[in-house]
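Taking it in order: structure first as structure tokens, then the write-up.
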Amino acid sequence: MTNAIATTRPEGDEDMFAALVAQPADALLGLIALYRDDQRTAKIDLGVGVFRTDDGRTPVMRAVKAAEKRLIHEQTSKSYLGAEGDVAYTDLLGEVVLGPEMARSDRITGVQTPGGTGALRLGAELLKRARPNATVWIGTPTWPNHGPIFIEAGMAVRAHRFYDVASATIDFDAMLEDLERAAAGDIVLFHGCCHNPTGAALSMQQWQAIADLCAERNLLPLIDLAYQGLGDDLEGDAAATRFLFAKLPSAILAYSCDKNFGLYRERVGALWVQAPSPASIAVVRGNMLSLARSLWSMPPDHGAAIVRTILGSPVLRDDWMSELAEMRGRINLLRSALAAAHPDLAFIGDQRGMFAMLPIGADAVVAMRRNSGIYMAGNGRINIAGLTVQNIPAFVAGLTPHLCNRMPMHDG
């Protein structure tokens, strides 16, 4: 006798998921599908935030392939590493990010995480334990996932002004004015370099003012560093992070290797925390590990093992730095070409990283997609690396009619 599977809900049985609310579709995934289905050969994809070569590929870096070959021959076990992940990876990467001396401080501790997003979420959970009533202040505009990460961790989030799209400038006075309203113990999220989505960069004098504000008002900086090496160079892109860590007793750093090692799908990140004393950081580390254990138990190993192998080999490290310089050179070359192609794009030449925000509205974004096959996020964010020197003229031609009717510039 065969038992039939019931396909109707028993009378009186409640829908256990009735309280769930339908969620909006991911706009970026929708953009990917639209681009894929577009049959025009001259279409341009500036939406997805990955590095691309002139022929449109997102390649595996030479040093990554070489490290993987070494791992195939040398790795002797796939056993668990523990909640902290690959300790050698975190130690070696810490020297790249914080510098050798600071990375060895007895007031700083770091653990491996699943990507930069995992680092941010672990940091959010740690802060929820440490400062449950604190508010996280996030500049606008920012990476769309920043707010949800902290909200899902149960933290209060408030926006502060940062970048004015119409004038393509950082509104630093407005930023400081908003942060004057932050309470003691609040957290401020900063982009360490190569701001996503704007590409705008704070000067070291402005970072000094930020450090002074954090010290005076007892604010905790949380730095998101996802593009080290893709702006100026490894040292320059880490300068703001190192400066805040050096100036303040407490700080948090969420890091991603996705972009600068090209390890997008391997999910390779780390979280470092600095506390006022060695005794305090020991307690912090214990909480980081207990939270990590509940969130993902053990982080994935392969990507971190690749980074550890590269950074532990002078030959592979040099090759990685060389190819990273090539990637950075391509991005900055495209920025210069865009800046020279139209007066209203001149600001792009002074910015850094993979992204910029065009001073156009949502209607213009739709029109450029429809009329010219140019795909970008709805807020006008473009991935610079999606361009080539060859297609910049077509891009500017499709953009120019909308720049002529651009939003009014702000005074000053």
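In the structure tokens, chains take letters A, B, ... by order of appearance, with residues numbered from 1 within each chain and ligands from 1 in the order shown.
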Excluding range 118-120 of chain A and residues on its chain fewer than 2 positions from it, collect all residues at most 7 Å away from it, counting only C-alpha atoms, and give them as a compact mmCIF listing (two decimals) with C-alpha atoms, in the first residue's frame.
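That gives us result_6.txt:
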# COMPACT_ATOMS: atom_id res chain seq x y z
CA THR A 113 35.51 35.72 8.28
CA PRO A 114 33.44 34.66 5.24
CA GLY A 115 34.11 37.74 3.12
CA GLY A 116 33.88 41.39 4.07
CA LEU A 122 30.49 39.69 13.10
CA GLY A 123 31.40 43.27 14.03
CA ALA A 124 27.71 44.16 14.26
CA ALA A 254 36.22 44.85 8.46
CA TYR A 255 38.31 43.66 5.51
CA GLY A 269 37.62 38.41 4.78
CA ALA A 270 38.77 39.28 8.28
CA LEU A 271 37.74 41.36 11.27
Shell around Ala42 in chain A at 9 Å using only C-alpha atoms, local window under 6 positions removed, as a PDB file with C-alpha atoms, in the first residue's frame:
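New file result_21.pdb:
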ATOM      1  CA  SER A 372      22.063  52.990 -25.756  1.00  0.00           C
ATOM      2  CA  GLY A 373      22.341  49.586 -24.082  1.00  0.00           C
ATOM      3  CA  ILE A 374      24.227  51.126 -21.139  1.00  0.00           C
ATOM      4  CA  ASN A 391      33.799  52.112 -25.624  1.00  0.00           C
ATOM      5  CA  ALA A 394      29.908  55.473 -26.986  1.00  0.00           C
TER       6      ALA A 394
END
Worksheet entry | Residue contacts of Leu230 in chain A (10 Å, only C-alpha atoms) excluding same-chain residues fewer than 4 positions away, as number ranges by chain | A: 51, 193-194, 226, 234, 237, 259-260, 324-332, 352-354
Discussion item. Please compute the CA of Arg131 in chain A-CA of Ala240 in chain A distance, one decimal, in Å.
Written reply: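 Straight-line distance from CA of Arg131 in chain A to CA of Ala240 in chain A works out to 24.5 Å.
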Worksheet item: Restricting the calculation to only C-alpha atoms, which member of A:Gln208, A:Gln351, A:Thr198, A:Thr142 is positioned closest to Leu248 in chain A?
Response: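 Under the stated criterion, the closest residue is A:Gln208.
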Worksheet item: In terms of the shortest atom-to-atom distance over only C-alpha atoms, which of A:Ala156, A:Met368, A:Phe261, A:Ala174 is closest to Ser322 in chain A?
Response: A:Phe261
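Residues within 8 Å of Arg62 in chain A, counting only C-alpha atoms and excluding same-chain residues fewer than 3 positions away, are Lys65, Ala66, Asp319, Trp320 and Glu323 of chain A.
Comparing the minimum interatomic distances between Gly147 in chain A and each of A:Ala25, A:Leu189, A:Val389, A:Val165, counting only C-alpha atoms, we find that A:Leu189 sits nearest.
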Fill in: Backbone-only DSSP, strand (DSSP E) members of range 127-365 of chain A, as number ranges by chain
A: 135-140, 156-161, 163-164, 169-170, 187-191, 220-225, 251-256, 268-274, 355-357
Fill in: Surrounding residues of range 357-363 of chain A excluding itself and chain neighbours under 3 positions, 7 Å, only C-alpha atoms, as a PyMOL selection string
chain A and resi 165-166+197-198+366-367+378-382+402-403+406-407
Taking only residues of range 6-74 of chain A that have an atom at most 7 Å from an atom of range 296-318 of chain A, what is each one's shortest atom pair and its distance in Å to one decimal, using only C-alpha atoms, in chain and number order, as a tab-separated table?
residue	atom	partner	partner_atom	distance
A:Ala63	CA	A:Leu316	CA	5.4
A:Val64	CA	A:Ile306	CA	6.4
A:Ala67	CA	A:Ile306	CA	5.6
A:Glu68	CA	A:Ile306	CA	6.3
Practice prompt. Please report, as number ranges by chain, each residue of range 6-113 of chain A to which DSSP assigns helix (DSSP H, G or I) when run on this structure's backbone.
Written response: A: 27-37, 62-74, 87-98, 100-103
Practice prompt. Enter the distance from CA of Leu253 in chain A to CA of Arg52 in chain A, in Å, rounded to one decimal.
Written response: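 CA of Leu253 in chain A sits 26.8 Å away from CA of Arg52 in chain A.
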Worksheet item: Which is closest to Asp164 in chain A among A:Leu291, A:Leu263, A:Leu71, A:Ala200, if we use only C-alpha atoms?
Response: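 Distance minimum relative to Asp164 in chain A lands on A:Ala200.
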